[in-house]
Amino acid sequence: MYMRITELPGPMKSILSSITLLLFSIVFSQSLTAAPEDKVVLHLNTPSKMTMLVNNVKNLRAKLGKDADIVVVVNGPAVSRFTNLATSRNQLDELLELNTKVSICSFALKNRSLSKVHLLEGTSYLEDGGVASLVELQQAGYAYIKP
């Protein structure tokens, strides 16, 4: 047996209308809320993985789009690839053109008798180190990738 809404008694009609309005509000408000931004951190500590890292970023950017937040954290021996003593400028430029933030571990630089002044332009300096930054980013919801 089916009953039309107009045939319901007054209080039932009011309750049904309220439930309908509530459900509509929930669905509508969720459609207006932006989807969570894709956030990825790539960890590079091996200099020989630089080309793989750049390819990973290209693939991520193609899949996730221009609005994804992609960060590269560099520590260990790989920091040497991002100093003015290295020949990785072209690969860094590729990462920067892909709207990728590249951050370098201060401790790894110091262990190689290098400092912030040796970094290639376009990189940022992680005062508290790369490992601490990796932890903070993962706690903030970044997906971790190690090429």
# chains A, B, ... in the order shown; residues from 1 in each chain; ligands from 1

call {"tool": "residues_around", "arguments": {"residues": "Lys49 of chain A", "least_positions_apart": "4", "cutoff": "8 Å", "atoms": "only C-alpha atoms", "output": "ChimeraX atom specification"}}
result
/A:44,53,147

call {"tool": "atom_distance", "arguments": {"atom1": "atom CA of Ser106 of chain A", "atom2": "atom CA of Ser124 of chain A"}}
result
9.9 Å

call {"tool": "residues_around", "arguments": {"residues": "Val41 of chain A", "least_positions_apart": "6", "cutoff": "8 Å", "atoms": "only C-alpha atoms", "output": "PyMOL selection string"}}
result
chain A and resi 70-73+134+137-138+142-145

call {"tool": "write_last_selection", "arguments": {"atoms": "C-alpha atoms", "output": "CSV table (one decimal), in the first residue's frame"}}
result
chain,number,residue,atom,x,y,z
A,70,ILE,CA,54.2,17.6,-4.3
A,71,VAL,CA,57.2,18.1,-2.0
A,72,VAL,CA,60.7,16.5,-2.4
A,73,VAL,CA,62.7,16.1,0.8
A,134,LEU,CA,59.3,13.8,6.6
A,137,LEU,CA,54.6,16.0,6.4
A,138,GLN,CA,53.3,12.4,7.0
A,142,TYR,CA,51.1,13.6,2.9
A,143,ALA,CA,51.6,10.2,1.2
A,144,TYR,CA,55.2,9.0,1.4
A,145,ILE,CA,57.1,7.8,-1.6

call {"tool": "closest_residue", "arguments": {"among": "A:Leu42, A:Ala68, A:Gly130, A:Asn56", "to": "Asn99 of chain A", "atoms": "only C-alpha atoms"}}
result
A:Ala68

call {"tool": "residues_around", "arguments": {"residues": "Asn45 of chain A", "least_positions_apart": "2", "cutoff": "7 Å", "atoms": "only C-alpha atoms", "output": "PyMOL selection string"}}
result
chain A and resi 43+47+74-78

call {"tool": "write_last_selection", "arguments": {"atoms": "N, CA and C atoms", "output": "PDB file, in the first residue's frame"}}
result
ATOM      1  N   HIS A  43      60.928  11.193  -0.942  1.00  0.00           N
ATOM      2  CA  HIS A  43      62.147  11.221  -0.132  1.00  0.00           C
ATOM      3  C   HIS A  43      63.319  10.749  -0.981  1.00  0.00           C
ATOM      4  N   PRO A  47      71.834   9.731  -4.479  1.00  0.00           N
ATOM      5  CA  PRO A  47      72.022  10.576  -5.666  1.00  0.00           C
ATOM      6  C   PRO A  47      71.680   9.869  -6.983  1.00  0.00           C
ATOM      7  N   VAL A  74      65.104  16.103   0.553  1.00  0.00           N
ATOM      8  CA  VAL A  74      66.394  15.521   0.196  1.00  0.00           C
ATOM      9  C   VAL A  74      67.284  15.500   1.434  1.00  0.00           C
ATOM     10  N   ASN A  75      67.866  14.331   1.711  1.00  0.00           N
ATOM     11  CA  ASN A  75      68.839  14.231   2.797  1.00  0.00           C
ATOM     12  C   ASN A  75      69.921  13.234   2.402  1.00  0.00           C
ATOM     13  N   GLY A  76      70.848  12.986   3.311  1.00  0.00           N
ATOM     14  CA  GLY A  76      71.931  12.039   3.024  1.00  0.00           C
ATOM     15  C   GLY A  76      72.790  12.501   1.858  1.00  0.00           C
ATOM     16  N   PRO A  77      73.449  11.563   1.198  1.00  0.00           N
ATOM     17  CA  PRO A  77      74.362  11.901   0.099  1.00  0.00           C
ATOM     18  C   PRO A  77      73.699  12.655  -1.059  1.00  0.00           C
ATOM     19  N   ALA A  78      72.383  12.532  -1.208  1.00  0.00           N
ATOM     20  CA  ALA A  78      71.688  13.172  -2.332  1.00  0.00           C
ATOM     21  C   ALA A  78      71.706  14.697  -2.259  1.00  0.00           C
TER      22      ALA A  78
END

call {"tool": "residues_around", "arguments": {"residues": "Lys66 of chain A", "least_positions_apart": "3", "cutoff": "12 Å", "atoms": "only C-alpha atoms", "output": "list in words"}}
result
Glu37, Asp38, Lys39, Val57, Lys58, Asn59, Leu60, Arg61, Ala62, Lys63, Asp69, Ile70, Glu97, Leu98, Asn99 and Thr100 of chain A
